[in-house]
Amino acid sequence: MLKSSLTRDQVEAGCDEAGRGCLAGPVVAAAVILPKKYKHKKLNDSKQLTHAQRLELRHDIVRDAVAWAVAQAEAPEIDQINILNASFLAMHRAVAQLGKTPELLLIDGNRFNAYPSIPHRCIVQGDAKYLSIAAASILAKTHRDELMEKLAIECPGYHWETNRGYPTPPHREAIRLQGVTAYHRKSFQLLPAQLELFD
């Protein structure tokens, strides 16, 4: 059972992201404030859940959360400031959109760029330890999956509706045959012979 909170009295927002390892599409982050002493038997790290379970839990999270927000950093921003900083930027944007100001941010992972005036705690594998971080991971993942499905219609042939932009063999083969799109992260190694794409 995941923990409901790290502190007893502070308003905590769990933060997590999805899509850091992708070759295409934005990195998406979410911030979630859950009620104190919140319990949910099925809420867990999004990576441990099926697509159907994530969609079901998203409904519960949106219904039960005190506040929640989803934000993103686009591929050109990733190329400009690198994927780690873009992940932090997306988290900052999500926190800024919350309808309630948290007193503490619980960040999944071991690094973070401090958010102005709100302290944070980095928690390795936090999405498997705290409900608010798990909730954020689910909102980020489901939002990004749906976004990539829409982009797959706009840019057919890259199989984003199934690979979500991750570096699968069909995705890389499509890059080789069709070239890169505006949604590809050009600072990433899209192909082993990446420079050939830009000759």
# chains A, B, ... in the order shown; residues from 1 in each chain; ligands from 1

$ closest_atom_pairs --of "region 149-192 of chain A" --to "region 5-25 of chain A" --cutoff "10 Å" --atoms "only C-alpha atoms" --output "JSON lines"
{"residue": "A:Leu151", "atom": "CA", "partner": "A:Gly25", "partner_atom": "CA", "distance": 8.3}
{"residue": "A:Tyr158", "atom": "CA", "partner": "A:Ala24", "partner_atom": "CA", "distance": 9.7}
{"residue": "A:Trp160", "atom": "CA", "partner": "A:Ala24", "partner_atom": "CA", "distance": 8.6}
{"residue": "A:Asn163", "atom": "CA", "partner": "A:Cys22", "partner_atom": "CA", "distance": 9.1}
{"residue": "A:Arg164", "atom": "CA", "partner": "A:Cys22", "partner_atom": "CA", "distance": 7.6}
{"residue": "A:Gly165", "atom": "CA", "partner": "A:Ala24", "partner_atom": "CA", "distance": 4.8}
{"residue": "A:Tyr166", "atom": "CA", "partner": "A:Cys22", "partner_atom": "CA", "distance": 4.2}
{"residue": "A:Pro167", "atom": "CA", "partner": "A:Leu23", "partner_atom": "CA", "distance": 6.0}
{"residue": "A:Thr168", "atom": "CA", "partner": "A:Leu23", "partner_atom": "CA", "distance": 9.5}
{"residue": "A:His171", "atom": "CA", "partner": "A:Leu23", "partner_atom": "CA", "distance": 8.9}
{"residue": "A:Arg172", "atom": "CA", "partner": "A:Leu23", "partner_atom": "CA", "distance": 9.0}
{"residue": "A:Val180", "atom": "CA", "partner": "A:Ala24", "partner_atom": "CA", "distance": 9.1}
{"residue": "A:Thr181", "atom": "CA", "partner": "A:Ala24", "partner_atom": "CA", "distance": 8.4}
{"residue": "A:Ala182", "atom": "CA", "partner": "A:Ala24", "partner_atom": "CA", "distance": 8.7}
{"residue": "A:Tyr183", "atom": "CA", "partner": "A:Gly25", "partner_atom": "CA", "distance": 5.2}
{"residue": "A:His184", "atom": "CA", "partner": "A:Ala24", "partner_atom": "CA", "distance": 4.0}
{"residue": "A:Arg185", "atom": "CA", "partner": "A:Ala24", "partner_atom": "CA", "distance": 5.5}
{"residue": "A:Lys186", "atom": "CA", "partner": "A:Leu23", "partner_atom": "CA", "distance": 8.2}
{"residue": "A:Ser187", "atom": "CA", "partner": "A:Leu23", "partner_atom": "CA", "distance": 9.2}
{"residue": "A:Phe188", "atom": "CA", "partner": "A:Leu23", "partner_atom": "CA", "distance": 6.6}
{"residue": "A:Gln189", "atom": "CA", "partner": "A:Leu23", "partner_atom": "CA", "distance": 8.0}
{"residue": "A:Leu190", "atom": "CA", "partner": "A:Leu23", "partner_atom": "CA", "distance": 6.4}
{"residue": "A:Leu191", "atom": "CA", "partner": "A:Leu23", "partner_atom": "CA", "distance": 9.8}

$ select_by_dssp --residues "region 2-39 of chain A" --states "strand (DSSP E or B)" --output "mmCIF file with N, CA and C atoms, in the first residue's frame"
data_model
loop_
_atom_site.group_PDB
_atom_site.id
_atom_site.type_symbol
_atom_site.label_atom_id
_atom_site.label_comp_id
_atom_site.auth_asym_id
_atom_site.auth_seq_id
_atom_site.Cartn_x
_atom_site.Cartn_y
_atom_site.Cartn_z
ATOM 1 N N LYS A 3 1.931 5.203 0.493
ATOM 2 C CA LYS A 3 1.680 6.142 1.580
ATOM 3 C C LYS A 3 0.859 7.328 1.077
ATOM 4 N N GLU A 12 0.742 18.757 0.191
ATOM 5 C CA GLU A 12 1.762 18.188 -0.679
ATOM 6 C C GLU A 12 1.222 17.997 -2.100
ATOM 7 N N ALA A 13 2.066 18.278 -3.070
ATOM 8 C CA ALA A 13 1.743 17.975 -4.462
ATOM 9 C C ALA A 13 2.758 16.971 -4.987
ATOM 10 N N GLY A 14 2.277 15.832 -5.447
ATOM 11 C CA GLY A 14 3.144 14.864 -6.086
ATOM 12 C C GLY A 14 3.377 15.261 -7.533
ATOM 13 N N CYS A 15 4.620 15.106 -8.019
ATOM 14 C CA CYS A 15 4.972 15.494 -9.387
ATOM 15 C C CYS A 15 5.707 14.354 -10.084
ATOM 16 N N ASP A 16 5.323 14.107 -11.324
ATOM 17 C CA ASP A 16 6.015 13.095 -12.127
ATOM 18 C C ASP A 16 5.860 13.451 -13.594
ATOM 19 N N GLU A 17 6.646 12.787 -14.436
ATOM 20 C CA GLU A 17 6.613 13.071 -15.868
ATOM 21 C C GLU A 17 6.520 11.772 -16.654
ATOM 22 N N ALA A 18 6.222 11.917 -17.949
ATOM 23 C CA ALA A 18 6.172 10.786 -18.870
ATOM 24 C C ALA A 18 6.790 11.209 -20.187
ATOM 25 N N ALA A 24 10.230 11.233 -30.043
ATOM 26 C CA ALA A 24 9.314 12.226 -30.602
ATOM 27 C C ALA A 24 8.265 12.604 -29.578
ATOM 28 N N VAL A 27 7.646 16.047 -23.573
ATOM 29 C CA VAL A 27 7.668 15.427 -22.255
ATOM 30 C C VAL A 27 6.516 16.051 -21.475
ATOM 31 N N VAL A 28 5.731 15.210 -20.831
ATOM 32 C CA VAL A 28 4.513 15.656 -20.150
ATOM 33 C C VAL A 28 4.663 15.428 -18.649
ATOM 34 N N ALA A 29 4.281 16.410 -17.870
ATOM 35 C CA ALA A 29 4.358 16.303 -16.414
ATOM 36 C C ALA A 29 2.992 16.588 -15.798
ATOM 37 N N ALA A 30 2.784 16.046 -14.607
ATOM 38 C CA ALA A 30 1.557 16.314 -13.867
ATOM 39 C C ALA A 30 1.898 16.605 -12.419
ATOM 40 N N ALA A 31 1.044 17.378 -11.787
ATOM 41 C CA ALA A 31 1.129 17.672 -10.359
ATOM 42 C C ALA A 31 -0.239 17.396 -9.750
ATOM 43 N N VAL A 32 -0.252 16.695 -8.622
ATOM 44 C CA VAL A 32 -1.516 16.288 -8.016
ATOM 45 C C VAL A 32 -1.472 16.515 -6.513
ATOM 46 N N ILE A 33 -2.492 17.180 -5.996
ATOM 47 C CA ILE A 33 -2.694 17.304 -4.550
ATOM 48 C C ILE A 33 -3.879 16.423 -4.183
#

$ atom_distance --atom1 "CA of His59 (chain A)" --atom2 "CA of Ala71 (chain A)"
17.9 Å

$ select_by_dssp --residues "region 12-194 of chain A" --states "alpha helix (DSSP H)" --output "compact mmCIF listing (two decimals) with N, CA and C atoms, in the first residue's frame"
# COMPACT_ATOMS: atom_id res chain seq x y z
N HIS A 51 -3.12 -0.26 -19.60
CA HIS A 51 -3.71 0.96 -20.17
C HIS A 51 -5.12 1.17 -19.63
N ALA A 52 -5.90 0.10 -19.59
CA ALA A 52 -7.28 0.19 -19.10
C ALA A 52 -7.32 0.60 -17.63
N GLN A 53 -6.40 0.06 -16.83
CA GLN A 53 -6.35 0.41 -15.41
C GLN A 53 -5.98 1.88 -15.22
N ARG A 54 -5.05 2.37 -16.04
CA ARG A 54 -4.66 3.78 -15.94
C ARG A 54 -5.83 4.70 -16.25
N LEU A 55 -6.60 4.35 -17.27
CA LEU A 55 -7.75 5.17 -17.64
C LEU A 55 -8.80 5.18 -16.52
N GLU A 56 -9.00 4.04 -15.91
CA GLU A 56 -9.96 3.95 -14.79
C GLU A 56 -9.49 4.78 -13.61
N LEU A 57 -8.20 4.67 -13.31
CA LEU A 57 -7.65 5.41 -12.18
C LEU A 57 -7.61 6.91 -12.45
N ARG A 58 -7.39 7.29 -13.70
CA ARG A 58 -7.41 8.72 -14.03
C ARG A 58 -8.75 9.34 -13.64
N HIS A 59 -9.81 8.63 -13.91
CA HIS A 59 -11.15 9.12 -13.54
C HIS A 59 -11.24 9.34 -12.03
N ASP A 60 -10.73 8.38 -11.26
CA ASP A 60 -10.77 8.50 -9.80
C ASP A 60 -9.91 9.66 -9.31
N ILE A 61 -8.74 9.83 -9.91
CA ILE A 61 -7.82 10.89 -9.49
C ILE A 61 -8.43 12.27 -9.74
N VAL A 62 -8.95 12.46 -10.94
CA VAL A 62 -9.56 13.74 -11.29
C VAL A 62 -10.76 14.03 -10.38
N ARG A 63 -11.50 12.99 -10.04
CA ARG A 63 -12.68 13.15 -9.17
C ARG A 63 -12.27 13.48 -7.74
N ASP A 64 -11.24 12.82 -7.23
CA ASP A 64 -10.91 12.91 -5.81
C ASP A 64 -9.87 13.97 -5.45
N ALA A 75 9.16 19.37 -28.16
CA ALA A 75 10.42 18.87 -28.70
C ALA A 75 11.46 19.97 -28.93
N PRO A 76 11.10 21.13 -29.51
CA PRO A 76 12.13 22.17 -29.68
C PRO A 76 12.71 22.66 -28.36
N GLU A 77 11.88 22.69 -27.32
CA GLU A 77 12.39 23.08 -26.00
C GLU A 77 13.34 22.02 -25.45
N ILE A 78 13.00 20.77 -25.68
CA ILE A 78 13.87 19.67 -25.26
C ILE A 78 15.23 19.79 -25.95
N ASP A 79 15.19 20.07 -27.25
CA ASP A 79 16.45 20.22 -27.99
C ASP A 79 17.27 21.40 -27.50
N GLN A 80 16.59 22.43 -27.04
CA GLN A 80 17.29 23.66 -26.62
C GLN A 80 17.89 23.54 -25.23
N ILE A 81 17.15 22.93 -24.29
CA ILE A 81 17.63 22.94 -22.89
C ILE A 81 17.95 21.55 -22.34
N ILE A 83 16.71 17.18 -22.16
CA ILE A 83 15.51 16.49 -21.69
C ILE A 83 15.33 16.59 -20.18
N LEU A 84 16.41 16.60 -19.43
CA LEU A 84 16.28 16.70 -17.97
C LEU A 84 15.68 18.04 -17.58
N ASN A 85 16.24 19.12 -18.10
CA ASN A 85 15.71 20.45 -17.77
C ASN A 85 14.30 20.65 -18.33
N ALA A 86 14.02 20.04 -19.48
CA ALA A 86 12.68 20.14 -20.04
C ALA A 86 11.67 19.41 -19.16
N SER A 87 12.08 18.30 -18.56
CA SER A 87 11.21 17.59 -17.61
C SER A 87 10.88 18.46 -16.41
N PHE A 88 11.91 19.13 -15.89
CA PHE A 88 11.69 20.03 -14.75
C PHE A 88 10.80 21.20 -15.16
N LEU A 89 11.00 21.73 -16.37
CA LEU A 89 10.19 22.84 -16.86
C LEU A 89 8.72 22.43 -16.94
N ALA A 90 8.47 21.23 -17.45
CA ALA A 90 7.09 20.74 -17.54
C ALA A 90 6.48 20.60 -16.14
N MET A 91 7.26 20.12 -15.18
CA MET A 91 6.77 20.02 -13.81
C MET A 91 6.45 21.39 -13.24
N HIS A 92 7.34 22.35 -13.47
CA HIS A 92 7.09 23.72 -13.00
C HIS A 92 5.79 24.26 -13.58
N ARG A 93 5.58 24.02 -14.86
CA ARG A 93 4.36 24.50 -15.51
C ARG A 93 3.12 23.84 -14.90
N ALA A 94 3.22 22.55 -14.59
CA ALA A 94 2.09 21.86 -13.97
C ALA A 94 1.79 22.44 -12.59
N VAL A 95 2.84 22.65 -11.79
CA VAL A 95 2.65 23.22 -10.44
C VAL A 95 2.01 24.61 -10.54
N ALA A 96 2.46 25.40 -11.51
CA ALA A 96 1.94 26.76 -11.66
C ALA A 96 0.45 26.77 -12.01
N LEU A 131 1.14 8.06 -2.94
CA LEU A 131 -0.06 8.09 -3.78
C LEU A 131 -0.09 9.31 -4.69
N SER A 132 0.33 10.46 -4.18
CA SER A 132 0.24 11.67 -5.00
C SER A 132 1.19 11.60 -6.20
N ILE A 133 2.37 11.01 -6.01
CA ILE A 133 3.30 10.87 -7.13
C ILE A 133 2.78 9.83 -8.11
N ALA A 134 2.24 8.73 -7.60
CA ALA A 134 1.64 7.72 -8.48
C ALA A 134 0.50 8.32 -9.29
N ALA A 135 -0.31 9.15 -8.64
CA ALA A 135 -1.42 9.80 -9.35
C ALA A 135 -0.88 10.71 -10.45
N ALA A 136 0.18 11.45 -10.16
CA ALA A 136 0.78 12.32 -11.17
C ALA A 136 1.32 11.50 -12.33
N SER A 137 1.92 10.36 -12.04
CA SER A 137 2.47 9.52 -13.10
C SER A 137 1.37 9.03 -14.02
N ILE A 138 0.21 8.71 -13.46
CA ILE A 138 -0.92 8.22 -14.26
C ILE A 138 -1.48 9.34 -15.13
N LEU A 139 -1.66 10.53 -14.57
CA LEU A 139 -2.19 11.63 -15.36
C LEU A 139 -1.23 12.02 -16.49
N ALA A 140 0.06 12.05 -16.19
CA ALA A 140 1.04 12.39 -17.22
C ALA A 140 1.05 11.35 -18.33
N LYS A 141 1.05 10.09 -17.95
CA LYS A 141 1.11 9.00 -18.93
C LYS A 141 -0.14 8.96 -19.80
N THR A 142 -1.31 9.03 -19.22
CA THR A 142 -2.54 8.95 -20.01
C THR A 142 -2.70 10.16 -20.92
N HIS A 143 -2.33 11.33 -20.41
CA HIS A 143 -2.40 12.54 -21.24
C HIS A 143 -1.47 12.41 -22.43
N ARG A 144 -0.25 11.96 -22.18
CA ARG A 144 0.73 11.87 -23.27
C ARG A 144 0.33 10.79 -24.28
N ASP A 145 -0.18 9.67 -23.80
CA ASP A 145 -0.61 8.61 -24.72
C ASP A 145 -1.67 9.13 -25.69
N GLU A 146 -2.64 9.86 -25.16
CA GLU A 146 -3.71 10.39 -26.02
C GLU A 146 -3.16 11.43 -26.99
N LEU A 147 -2.22 12.23 -26.53
CA LEU A 147 -1.61 13.23 -27.41
C LEU A 147 -0.87 12.55 -28.56
N MET A 148 -0.12 11.50 -28.26
CA MET A 148 0.64 10.81 -29.31
C MET A 148 -0.30 10.11 -30.29
N GLU A 149 -1.45 9.65 -29.83
CA GLU A 149 -2.43 9.06 -30.74
C GLU A 149 -2.94 10.10 -31.73
N LYS A 150 -3.14 11.32 -31.26
CA LYS A 150 -3.57 12.40 -32.16
C LYS A 150 -2.46 12.78 -33.14
N LEU A 151 -1.22 12.83 -32.66
CA LEU A 151 -0.10 13.17 -33.54
C LEU A 151 0.14 12.07 -34.57
N ALA A 152 -0.22 10.82 -34.22
CA ALA A 152 -0.06 9.71 -35.17
C ALA A 152 -0.97 9.89 -36.38
N ILE A 153 -2.11 10.52 -36.17
CA ILE A 153 -3.01 10.80 -37.29
C ILE A 153 -2.43 11.90 -38.17
N GLU A 154 -1.83 12.88 -37.52
CA GLU A 154 -1.21 14.00 -38.26
C GLU A 154 0.04 13.55 -39.02
N TRP A 160 3.09 5.99 -33.86
CA TRP A 160 3.03 6.62 -32.54
C TRP A 160 1.81 6.17 -31.74
N GLU A 161 0.78 5.70 -32.44
CA GLU A 161 -0.41 5.24 -31.73
C GLU A 161 -0.12 4.00 -30.87
N THR A 162 0.97 3.30 -31.19
CA THR A 162 1.35 2.13 -30.39
C THR A 162 2.68 2.33 -29.66
N ASN A 163 3.67 2.97 -30.31
CA ASN A 163 4.97 3.11 -29.64
C ASN A 163 5.10 4.39 -28.83
N PRO A 169 11.90 -0.53 -33.09
CA PRO A 169 12.39 -0.77 -34.46
C PRO A 169 11.47 -0.21 -35.54
N PRO A 170 10.13 -0.38 -35.47
CA PRO A 170 9.28 0.23 -36.50
C PRO A 170 9.37 1.76 -36.55
N HIS A 171 9.50 2.37 -35.38
CA HIS A 171 9.63 3.83 -35.35
C HIS A 171 10.93 4.26 -36.03
N ARG A 172 12.01 3.60 -35.70
CA ARG A 172 13.30 3.96 -36.29
C ARG A 172 13.33 3.69 -37.79
N GLU A 173 12.68 2.61 -38.20
CA GLU A 173 12.62 2.32 -39.63
C GLU A 173 11.82 3.40 -40.36
N ALA A 174 10.75 3.88 -39.74
CA ALA A 174 9.96 4.95 -40.35
C ALA A 174 10.77 6.23 -40.46
N ILE A 175 11.59 6.52 -39.45
CA ILE A 175 12.46 7.70 -39.52
C ILE A 175 13.44 7.55 -40.69
N ARG A 176 13.97 6.35 -40.86
CA ARG A 176 14.92 6.11 -41.95
C ARG A 176 14.27 6.32 -43.31
N LEU A 177 13.03 5.85 -43.44
CA LEU A 177 12.33 5.91 -44.73
C LEU A 177 11.69 7.28 -45.00
N GLN A 178 11.11 7.88 -43.95
CA GLN A 178 10.31 9.09 -44.13
C GLN A 178 10.99 10.37 -43.65

$ closest_residue --among "A:Lys100, A:Pro156, A:Gly179, A:Tyr130" --to "Lys39 (chain A)" --atoms "only C-alpha atoms"
A:Tyr130

$ atom_distance --atom1 "CA of Lys47 (chain A)" --atom2 "CA of Arg111 (chain A)"
20.0 Å

$ atom_distance --atom1 "CA of Leu2 (chain A)" --atom2 "CA of Leu49 (chain A)"
14.4 Å

$ closest_atom_pairs --of "region 23-65 of chain A" --to "region 116-127 of chain A" --cutoff "8 Å" --atoms "only C-alpha atoms" --output "Markdown table"
| residue | atom | partner | partner_atom | distance |
| --- | --- | --- | --- | --- |
| A:Asn44 | CA | A:Asp127 | CA | 7.1 |
| A:Asp45 | CA | A:Asp127 | CA | 4.9 |
| A:Ser46 | CA | A:Asp127 | CA | 7.8 |

$ write_last_selection --atoms "C-alpha atoms" --output "PDB file, in the first residue's frame"
ATOM      1  CA  ASN A  44       0.037   2.505  -8.096  1.00  0.00           C
ATOM      2  CA  ASP A  45       2.984   3.459 -10.287  1.00  0.00           C
ATOM      3  CA  SER A  46       1.650   3.859 -13.841  1.00  0.00           C
TER       4      SER A  46
END

$ decode --residues "region 120-132 of chain A" --atoms "C-alpha atoms" --output "mmCIF file, in the first residue's frame"
data_model
loop_
_atom_site.group_PDB
_atom_site.id
_atom_site.type_symbol
_atom_site.label_atom_id
_atom_site.label_comp_id
_atom_site.auth_asym_id
_atom_site.auth_seq_id
_atom_site.Cartn_x
_atom_site.Cartn_y
_atom_site.Cartn_z
ATOM 1 C CA HIS A 120 10.661 20.061 -2.510
ATOM 2 C CA ARG A 121 11.776 16.562 -1.682
ATOM 3 C CA CYS A 122 13.197 14.236 -4.324
ATOM 4 C CA ILE A 123 12.133 10.629 -3.819
ATOM 5 C CA VAL A 124 13.726 7.850 -5.870
ATOM 6 C CA GLN A 125 10.981 5.562 -7.200
ATOM 7 C CA GLY A 126 8.503 7.893 -5.546
ATOM 8 C CA ASP A 127 5.728 6.738 -7.868
ATOM 9 C CA ALA A 128 5.880 3.370 -6.106
ATOM 10 C CA LYS A 129 5.910 4.929 -2.620
ATOM 11 C CA TYR A 130 3.494 7.873 -2.466
ATOM 12 C CA LEU A 131 -0.056 8.092 -3.776
ATOM 13 C CA SER A 132 0.245 11.668 -4.999
#
